[in-house]
Structure formats: C-alpha cells, structure tokens
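Only one structure is covered here, and it is reproduced in the block below.
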Amino acid sequence: MSDTTIKRISAWEALDSRGKPTVGCAVFLGGGAQGEATVPSGASTGRHEARELRDGGTRYSGNGVRTAVANATGALAAAVHGLDAIDQSAVDRALRDADGSADLGRLGANAVLAVSVATALAAADARGLPLYQAVAAADAAPLLPLPMVNIISGGAHAGRAIDVQDFLAVPLGAHTFAEAIEWCSRVRAGTAEVLADRGVPTALVADEGGLATTLPTNRSALDLLLDGISRAGLKPGDDVGIAIDIAATQFHTDGRYRLAAEDRELSATELVDELEQWCADYPIVSLEDALAEDDWAGWRHATERLGSRQLLGDDLFVTNASRLDRGLAEQIANAVLVKPNQIGTLHDARTVVDKAQGARYATVLSARSGETEDSWLADLAVGWRTGQIKVGSTTRSERTAKWNRLLRIEGELGERAEYAGAGAFAVR
C-alpha cells in the first residue's frame with residue numbers, strides 16, 4: 001500500500017441545500033490518494049449538539065463559514081499532518097484535542113467533521129475500497145438499510161404549517177432496498193395526488209423534499225398519509241407503516257407543549273396520551289423525539305406507555321455517548337438517531353452506533369435538513385450496519401444522491417446484498 005499519511009488539506013466555503021454556507025474539505029495523502037467531503041447542517045437542532053462556527057456580520061446574514069474554513073486548513077490541518085489516515089480514531093482524537101472545547105465550538109464542529117469525513121474517504125481511496133467496505137468492522141458483511149422516507153413536513157422544516165415536523169413512510173413489506181424506495185416514491189406521488197384532488201397545490205416542498213401544506217390539525221396529516229398509501233396501491237400497516245418525527249423540543253416551553261397550529265397546550269402526560277391514541281388508530285411503527293430533549297421524566301413515562309413501538313431519540317441523545325449512557329441506565333427510548341454532525345467526528349458517531357447496538361437499541365443513520373450532494377452517509381449506513389436510514393424524501397438531488405448510492409451498492413453486491421427490512425426495528 002502507498003503512503004497513507006496526511007500531507008495536505010484544502011477547504012472552501014460551499015452551499016448546502018438551503019443555500020446556507022457550509023464547509024467543503026479535501027484531504028490529500030502522501031501516496032496520492034485523496035478524499036473530499038462537504039458537510040451538512042441542521043435546522044431543527046438540539047442545544048446539546050456539537051456547535052458549528054459561523055462568521056457573523058453581514059455576509060449570508062451572518063452564516064458565512066470562512067473562519068471555519070481557515071481553521072480546517074490551519075489549526076486542524078496542523079493537528080493531523082503526518083498521521084495515518086487509516087487510523088480514524090487517532091485522527092479524530094487529534095482533531096478534538098486541537099479544538100479543545102467540549103462542543104467543538106472553538107474551531108467549529110463543521111470544520112472538524114469536514115476533515116474527519118474527508119480523511120475517511122481518502123483512507124478508503126488509498127486502500128482501493130468503497131467507503132462502506134473501508135469502515136466496516138472485520139468480517140462484517142454489508143447491510144442495506146430500511147429507509148424512512150419523508151412524505152409530509154411541518155415544524156421547522158416547513159414554516160410550522162403544522163406543529164409535528166415530519167410524517168414518513170416505512171416500507172415494512174418490501175424485500176429489497178430497490179423495492180422499498182420504489183414503494184416510498186409511489187406513496188409520495190399518491191399523497192400528492194390526494195392533495196391535488198382536494199385542490200391543494202403540491203409544487204412547493206419542504207427542506208427535506210416532503211410535501212408542505214396547511215392542514216387543520218396534526219392528526220389530519222396522518223389521515224392524508226393513510227390515503228396516500230392506499231392511493232399508491234399499498235396496504236397501510238402491512239406494506240407500509242408510518243413513522244413520525246414529532247420534534248417536541250421545538251414546541252416545548254416552560255414545561256408545557258404548545259401546539260400553535262391547533263391553539264392547544266398540553267402537559268407531557270397529555271401529549272403521551274394523544275400519541276398513544278394516534279398509535280391505536282394508525283399503523284405507526286416509530287415515534288421520534290416524542291418529548292423534549294431534557295424532559296427525562298416525560299420520556300420515562302412515554303417509554304412505559306409507548307415502548308411497544310420504536311421510540312427514537314434524536315434531540316434526546318444528539319449522537320452523544322454520555323447522553324446515551326443515561327438513556328440506557330434509565331431504560332429510556334429503544335432506538336437512537338445518529339447524525340455525525342451532532343457530535344463532530346466519525347469515530348464518535350461510530351462509538352454511539354456500537355454502544356446502542358450492544359444494548360439492543362436500534363440505530364437510524366440520518367441526514368440533516370441542510371444537506372449536500374455527497375453520498376458518504378449511505379456508505380456509512382451500509383458499512384456500520386445501522387439497519388435504518390432517514391435522509392428525507394424521494395425528491396431533491398441532495399436526498400436522491402443518498403438513495404441512488406444505496407441503489408448502486410445493492411446492484412453491485414447482487415446476490416450478496418443483504419437488506420435489513422422491517423427486522424431492523426427495535427420492536428416489531
């Protein structure tokens with residue numbers, strides 16, 4: 001193998017899918033191999049996430065990342081120069097040490113992650129391997145993930161037309177990834193047809209490609225999705241289940257949950273009561289962020305009442321091993337959403353995946369609302385065997401880039417392709 005030490009890093013200010021700046025980075029190794037990555041950014045962000053570095057001022061309304069770019073080519077490049085790119089844990093430890101802050105806010109989690117991911121891609125290039133194979137544990141076969149696909153959006157992803165953030169299709173009955181994504185595409189098209197029949201415009205889409213429309217209640221989105229599944233010629237519950245990203249942190253204030261679109265205010269217990277009724281009335285298989293990020297008591301109650309379904313922690317765990325440790329100790333939730341930019345390095349994200357799976361919690365690798373055309377997230381899902389993936393809808397190129405990469409991997413694996421299917425759920 002040629003020289004795999006890190007010799008040079010370049011970086012630049014790029015744009016994400018919402019038109020906001022983000023960090024692009026290329027890592028060059030001594031033997032000529034290289035890797036390039038552009039990192040995402042979230043809209044619905046938990047306060048315990050790793051912290052991006054933004055410039056402030058007038059450029060891009062203060063969202064410029066020139067300082068983070070300079071840090072990538074300056075302090076961070078110096079910290080990893082000469083390290084072996086194949087040793088991801090050593091590279092990521094050096095990046096974290098160079099920043100020195102708990103949330104990576106000094107040099108910027110966006111800069112740190114860009115270097116981390118580009119290094120992994122360079123290491124894969126040096127070994128002549130696809131990323132999913134390069135990041136896999138020894139003797140671990142690749143696993144195509146079950147997709148959760150965004151159909152209807154609200155909350156921070158769609159101007160808060162409804163309070164709940166996302167309603168997603170889960171192709172429970174599909175036997176391959178290709179069949180799964182085709183079914184979800186049909187459901188999105190079917191849902192759009194139902195809206196069109198009602199005279200509702202469907203041309204505008206939310207941040208992640210889902211349909212964005214004003215509805216009278218949050219529950220009415222479930223009725224709409226149910227109609228969309230049936231319009232697609234699929235059976236609700238058997239062929240396609242429903243996942244909901246409630247993103248309750250976004251409407252939690254002073255211990256109460258304010259549903260502004262319905263002019264209602266609920267306690268944690270009342271919110272759980274409502275979700276329990278939804279689960280009784282609809283084929284809901286996964287609930288994400290059912291309670292707010294620091295409402296641990298509410299989460300305990302939700303786990304007791306709703307634990308027969310997948311209870312997925314996003315803002316709750318923020319891809320943070322320490323917060324996951326608390327969840328495991330208190331037996332809160334049963335699944336973890338994993339977003340590498342929430343924690344800042346691939347090694348730390350992988351640690352959370354391994355810890356969760358070791359405790360028999362399901363894992364879902366997730367994109368962000370502000371995404372890029374990169375497809376490395378798809379490879380991570382396959383190589384890390386997360387079992388599930390959530391990257392948005394079946395429209396918008398930053399979303400389809402991930403789906404297309406998974407379709408290609410499945411095609412290249414051929415008969416060796418293993419698909420997780422509905423067995424990937426924490427509870428089934």
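In the structure tokens, the first chain shown is A, the next is B, and so on; residue numbers restart at 1 for each chain, and ligands run from 1 in the order shown.
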Practice item. Determine which residues of range 116-295 of chain A receive a DSSP assignment of helix (DSSP H, G or I), computed from the backbone, and state them as a PyMOL selection string. Key: chain A and resi 116-127+131-134+155-157+177-197+219-231+248-251+260-262+268-281
Check your understanding: Using only C-alpha atoms, which of A:Ala302, A:Leu131, A:Leu172, A:Val205 sits nearest Leu380 in chain A?
Key ->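 Nearest candidate to Leu380 in chain A out of A:Ala302, A:Leu131, A:Leu172, A:Val205: A:Leu131.
Taking CA of Ser308 in chain A as the reference point, CA of Gln388 in chain A is found at 18.0 Å.
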Point to revise | Surrounding residues of Gly307 in chain A excluding itself and chain neighbours under 5 positions, 12 Å, only C-alpha atoms, as JSON, numbers by chain | key: {"A": [272, 275, 276, 279, 285, 286, 287, 290, 299, 300, 301, 302, 312, 331, 332, 333, 334, 335, 361, 426, 427, 428]}
Practice item. Fewer than 3 positions away in the same chain doesn't count, so skip those; otherwise give me all residues within 9 Å of Val336 in chain A, counting only C-alpha atoms, as an MDAnalysis selection string. Key: chainID A and resid 311:314 316:319 324 333 352:353 356 361:365
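Using only C-alpha atoms, the nearest neighbour of Ala109 in chain A within the list A:Gly237, A:Pro130, A:Gly228, A:Gly344 is A:Gly344.
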Practice item. Identify which of the residues A:Ala178, A:Val382, A:Leu95, A:Leu195 lies closest to Tyr132 in chain A, counting only C-alpha atoms when measuring atom-to-atom distances. Key: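 Under the stated criterion, the closest residue is A:Val382.
Taking CA of Lys20 in chain A and CA of Tyr60 in chain A as endpoints, the distance between them is 7.1 Å.
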Which residues come within 10 Å of Ala417 in chain A, counting only C-alpha atoms, excluding same-chain residues fewer than 2 positions away, as a PDB file with N, CA, C and O atoms, in the first residue's frame?
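Heads up, here's the output in result-v6.pdb:
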```
ATOM      1  N   ALA A 141     -20.431  -8.235   7.124  1.00  0.00           N
ATOM      2  CA  ALA A 141     -20.965  -8.119   5.768  1.00  0.00           C
ATOM      3  C   ALA A 141     -21.739  -6.813   5.629  1.00  0.00           C
ATOM      4  O   ALA A 141     -22.320  -6.314   6.591  1.00  0.00           O
ATOM      5  N   PRO A 142     -21.779  -6.224   4.443  1.00  0.00           N
ATOM      6  CA  PRO A 142     -22.565  -5.006   4.237  1.00  0.00           C
ATOM      7  C   PRO A 142     -24.054  -5.279   4.431  1.00  0.00           C
ATOM      8  O   PRO A 142     -24.541  -6.377   4.147  1.00  0.00           O
ATOM      9  N   LEU A 143     -24.769  -4.267   4.925  1.00  0.00           N
ATOM     10  CA  LEU A 143     -26.202  -4.396   5.181  1.00  0.00           C
ATOM     11  C   LEU A 143     -26.928  -3.183   4.616  1.00  0.00           C
ATOM     12  O   LEU A 143     -26.703  -2.059   5.070  1.00  0.00           O
ATOM     13  N   LEU A 144     -27.811  -3.415   3.643  1.00  0.00           N
ATOM     14  CA  LEU A 144     -28.621  -2.329   3.098  1.00  0.00           C
ATOM     15  C   LEU A 144     -29.688  -1.948   4.113  1.00  0.00           C
ATOM     16  O   LEU A 144     -30.383  -2.816   4.648  1.00  0.00           O
ATOM     17  N   THR A 176     -36.404  -5.869  -0.840  1.00  0.00           N
ATOM     18  CA  THR A 176     -35.096  -5.355  -1.223  1.00  0.00           C
ATOM     19  C   THR A 176     -35.102  -3.847  -1.031  1.00  0.00           C
ATOM     20  O   THR A 176     -36.175  -3.226  -0.928  1.00  0.00           O
ATOM     21  N   PHE A 177     -33.917  -3.247  -1.012  1.00  0.00           N
ATOM     22  CA  PHE A 177     -33.878  -1.796  -0.902  1.00  0.00           C
ATOM     23  C   PHE A 177     -34.511  -1.154  -2.122  1.00  0.00           C
ATOM     24  O   PHE A 177     -35.247  -0.166  -2.009  1.00  0.00           O
ATOM     25  N   ILE A 409     -25.050   0.448  -4.613  1.00  0.00           N
ATOM     26  CA  ILE A 409     -24.383  -0.555  -3.781  1.00  0.00           C
ATOM     27  C   ILE A 409     -25.137  -1.882  -3.856  1.00  0.00           C
ATOM     28  O   ILE A 409     -24.531  -2.955  -4.011  1.00  0.00           O
ATOM     29  N   GLU A 410     -26.473  -1.811  -3.750  1.00  0.00           N
ATOM     30  CA  GLU A 410     -27.263  -3.043  -3.825  1.00  0.00           C
ATOM     31  C   GLU A 410     -27.061  -3.729  -5.171  1.00  0.00           C
ATOM     32  O   GLU A 410     -26.905  -4.954  -5.242  1.00  0.00           O
ATOM     33  N   GLY A 411     -27.046  -2.937  -6.248  1.00  0.00           N
ATOM     34  CA  GLY A 411     -26.839  -3.506  -7.574  1.00  0.00           C
ATOM     35  C   GLY A 411     -25.472  -4.154  -7.726  1.00  0.00           C
ATOM     36  O   GLY A 411     -25.343  -5.225  -8.327  1.00  0.00           O
ATOM     37  N   GLU A 412     -24.445  -3.501  -7.190  1.00  0.00           N
ATOM     38  CA  GLU A 412     -23.095  -4.045  -7.311  1.00  0.00           C
ATOM     39  C   GLU A 412     -22.908  -5.303  -6.465  1.00  0.00           C
ATOM     40  O   GLU A 412     -22.168  -6.213  -6.848  1.00  0.00           O
ATOM     41  N   LEU A 413     -23.576  -5.366  -5.320  1.00  0.00           N
ATOM     42  CA  LEU A 413     -23.475  -6.554  -4.474  1.00  0.00           C
ATOM     43  C   LEU A 413     -24.219  -7.739  -5.074  1.00  0.00           C
ATOM     44  O   LEU A 413     -23.855  -8.893  -4.850  1.00  0.00           O
ATOM     45  N   GLY A 414     -25.260  -7.440  -5.844  1.00  0.00           N
ATOM     46  CA  GLY A 414     -26.006  -8.510  -6.494  1.00  0.00           C
ATOM     47  C   GLY A 414     -26.583  -9.506  -5.510  1.00  0.00           C
ATOM     48  O   GLY A 414     -27.243  -9.123  -4.526  1.00  0.00           O
ATOM     49  N   GLU A 415     -26.333 -10.789  -5.726  1.00  0.00           N
ATOM     50  CA  GLU A 415     -26.882 -11.824  -4.852  1.00  0.00           C
ATOM     51  C   GLU A 415     -26.313 -11.760  -3.443  1.00  0.00           C
ATOM     52  O   GLU A 415     -26.891 -12.356  -2.519  1.00  0.00           O
ATOM     53  N   TYR A 419     -30.494  -7.135   2.893  1.00  0.00           N
ATOM     54  CA  TYR A 419     -31.354  -5.991   3.177  1.00  0.00           C
ATOM     55  C   TYR A 419     -31.986  -6.155   4.557  1.00  0.00           C
ATOM     56  O   TYR A 419     -32.531  -7.207   4.890  1.00  0.00           O
ATOM     57  N   ALA A 420     -31.898  -5.117   5.384  1.00  0.00           N
ATOM     58  CA  ALA A 420     -32.345  -5.219   6.772  1.00  0.00           C
ATOM     59  C   ALA A 420     -33.854  -5.419   6.876  1.00  0.00           C
ATOM     60  O   ALA A 420     -34.331  -6.208   7.699  1.00  0.00           O
TER      61      ALA A 420
END
```
Check your understanding: What is the CA of Leu29 in chain A to CA of Ala401 in chain A distance in Å?
Key -> 26.1 Å
Exercise for review: Name the closest residue to Arg127 in chain A among the candidates A:Gly82, A:Gly32, A:Gly173, A:Gly199; distances are taken between atoms, counting only C-alpha atoms.
Suggested key: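 Among the listed residues, A:Gly32 lies closest to Arg127 in chain A.
Distance annotation: of A:Ala378, A:Val391, A:Leu53, A:Leu211, the residue with the minimal separation from Gln133 in chain A is A:Ala378; atom set is only C-alpha atoms.
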Check your understanding: What's the 8 Å shell around Thr395 in chain A, counting only C-alpha atoms, without same-chain residues fewer than 2 positions away, as a list in words?
Key ->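 Close residues of Thr395 in chain A: Gly209, Gly210, Ser393, Ser397, Arg399 and Thr400 of chain A.
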Using the selection just defined, write its residues with N, CA and C atoms as a PDB file, in the first residue's frame.
```pdb
ATOM      1  N   GLY A 209     -37.650  17.797   1.138  1.00  0.00           N
ATOM      2  CA  GLY A 209     -38.326  17.269  -0.039  1.00  0.00           C
ATOM      3  C   GLY A 209     -39.725  16.757   0.202  1.00  0.00           C
ATOM      4  N   GLY A 210     -40.205  16.823   1.445  1.00  0.00           N
ATOM      5  CA  GLY A 210     -41.559  16.380   1.739  1.00  0.00           C
ATOM      6  C   GLY A 210     -42.592  17.395   1.276  1.00  0.00           C
ATOM      7  N   SER A 393     -37.012  12.940   1.567  1.00  0.00           N
ATOM      8  CA  SER A 393     -37.981  12.397   0.635  1.00  0.00           C
ATOM      9  C   SER A 393     -37.297  11.823  -0.595  1.00  0.00           C
ATOM     10  N   SER A 397     -32.107  16.660  -5.213  1.00  0.00           N
ATOM     11  CA  SER A 397     -30.897  15.894  -5.525  1.00  0.00           C
ATOM     12  C   SER A 397     -30.031  15.586  -4.311  1.00  0.00           C
ATOM     13  N   ARG A 399     -31.087  14.646  -1.576  1.00  0.00           N
ATOM     14  CA  ARG A 399     -31.710  13.454  -0.985  1.00  0.00           C
ATOM     15  C   ARG A 399     -31.476  12.242  -1.890  1.00  0.00           C
ATOM     16  N   THR A 400     -31.773  12.399  -3.177  1.00  0.00           N
ATOM     17  CA  THR A 400     -31.649  11.269  -4.091  1.00  0.00           C
ATOM     18  C   THR A 400     -30.203  10.815  -4.245  1.00  0.00           C
TER      19      THR A 400
END
```
Review point. If you run DSSP on this backbone, which residues of range 171-400 of chain A come out as strand (DSSP E), and could you give them as JSON, numbers by chain?
Key: {"A": [211, 212, 241, 242, 243, 244, 245, 252, 253, 256, 257, 258, 259, 264, 265, 266, 284, 285, 286, 287, 288, 310, 311, 312, 313, 335, 336, 337, 338, 362, 363, 364, 365, 366, 387, 388, 389, 390, 391, 392]}
Keeping C-alpha atoms for every residue in the selection just given, could you write it to a file as a CSV table (one decimal), in the first residue's frame?
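Contents of the output file selection39.csv:
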```
chain,number,residue,atom,x,y,z
A,211,LEU,CA,-44.9,17.8,0.8
A,212,ALA,CA,-45.6,21.0,2.8
A,241,GLY,CA,-46.1,1.8,8.1
A,242,ILE,CA,-45.9,5.3,9.4
A,243,ALA,CA,-43.0,7.0,11.3
A,244,ILE,CA,-43.4,10.4,12.9
A,245,ASP,CA,-40.7,12.9,13.8
A,252,HIS,CA,-41.8,22.9,24.4
A,253,THR,CA,-41.8,25.9,26.6
A,256,ARG,CA,-45.6,22.6,28.5
A,257,TYR,CA,-46.1,21.5,24.9
A,258,ARG,CA,-47.7,24.3,22.8
A,259,LEU,CA,-49.4,23.1,19.6
A,264,ARG,CA,-53.7,23.9,22.4
A,265,GLU,CA,-51.3,23.4,25.2
A,266,LEU,CA,-50.5,20.0,26.7
A,284,ILE,CA,-47.5,4.0,13.5
A,285,VAL,CA,-44.2,2.0,13.9
A,286,SER,CA,-41.8,4.7,15.0
A,287,LEU,CA,-42.0,7.9,17.1
A,288,GLU,CA,-39.0,10.2,17.1
A,310,GLN,CA,-39.8,2.2,18.2
A,311,LEU,CA,-39.1,5.2,20.3
A,312,LEU,CA,-36.3,7.1,18.6
A,313,GLY,CA,-34.2,9.7,20.4
A,335,ALA,CA,-33.6,3.5,19.4
A,336,VAL,CA,-31.0,6.1,18.6
A,337,LEU,CA,-30.9,8.6,15.7
A,338,VAL,CA,-27.3,9.0,14.6
A,362,ALA,CA,-32.0,0.1,17.1
A,363,THR,CA,-29.9,2.6,15.2
A,364,VAL,CA,-31.0,5.0,12.4
A,365,LEU,CA,-28.4,6.9,10.4
A,366,SER,CA,-29.8,10.3,9.5
A,387,GLY,CA,-30.2,-1.2,9.8
A,388,GLN,CA,-32.2,2.0,9.1
A,389,ILE,CA,-31.6,5.3,7.3
A,390,LYS,CA,-33.5,8.6,7.2
A,391,VAL,CA,-32.4,11.2,4.6
A,392,GLY,CA,-35.6,12.9,3.5
```
Exercise for review: Would you please work out which residue, of A:Ala321, A:Leu146, A:Ala367, A:Ala85, is nearest to Phe425 in chain A when using only C-alpha atoms?
Suggested key: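 Residue with the minimum atom-to-atom distance to Phe425 in chain A: A:Leu146.
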Exercise for review: Just the residues within 8 Å of His175 in chain A, please, counting only C-alpha atoms, with nothing from its chain fewer than 3 positions along; format it as a list in words.
Suggested key: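 With the cut-off at 8 Å, the set is Glu179, Ala180, Tyr419 and Gly421 of chain A.
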Print the selection's residues with N, CA, C and O atoms to a file, as a PDB file, in the first residue's frame.
```pdb
ATOM      1  N   GLU A 179     -36.916  -2.217  -4.017  1.00  0.00           N
ATOM      2  CA  GLU A 179     -38.370  -2.270  -3.903  1.00  0.00           C
ATOM      3  C   GLU A 179     -38.861  -1.281  -2.850  1.00  0.00           C
ATOM      4  O   GLU A 179     -39.873  -0.604  -3.037  1.00  0.00           O
ATOM      5  N   ALA A 180     -38.123  -1.163  -1.759  1.00  0.00           N
ATOM      6  CA  ALA A 180     -38.514  -0.266  -0.678  1.00  0.00           C
ATOM      7  C   ALA A 180     -38.578   1.183  -1.144  1.00  0.00           C
ATOM      8  O   ALA A 180     -39.544   1.906  -0.856  1.00  0.00           O
ATOM      9  N   TYR A 419     -30.494  -7.135   2.893  1.00  0.00           N
ATOM     10  CA  TYR A 419     -31.354  -5.991   3.177  1.00  0.00           C
ATOM     11  C   TYR A 419     -31.986  -6.155   4.557  1.00  0.00           C
ATOM     12  O   TYR A 419     -32.531  -7.207   4.890  1.00  0.00           O
ATOM     13  N   GLY A 421     -34.631  -4.670   6.088  1.00  0.00           N
ATOM     14  CA  GLY A 421     -36.072  -4.794   6.150  1.00  0.00           C
ATOM     15  C   GLY A 421     -36.640  -4.433   7.504  1.00  0.00           C
ATOM     16  O   GLY A 421     -35.994  -3.789   8.334  1.00  0.00           O
TER      17      GLY A 421
END
```
Output as CSV one row per residue of range 272-380 of chain A within 9 Å of range 2-17 of chain A: the closest atom pair and its distance in Å to one decimal place, counting only C-alpha atoms, sorted by chain and residue number ascending.
```
residue,atom,partner,partner_atom,distance
A:Ser369,CA,A:Ser17,CA,7.9
A:Gly370,CA,A:Ser17,CA,5.2
A:Glu371,CA,A:Ser17,CA,5.2
A:Thr372,CA,A:Asp16,CA,5.2
A:Glu373,CA,A:Ser17,CA,8.3
```
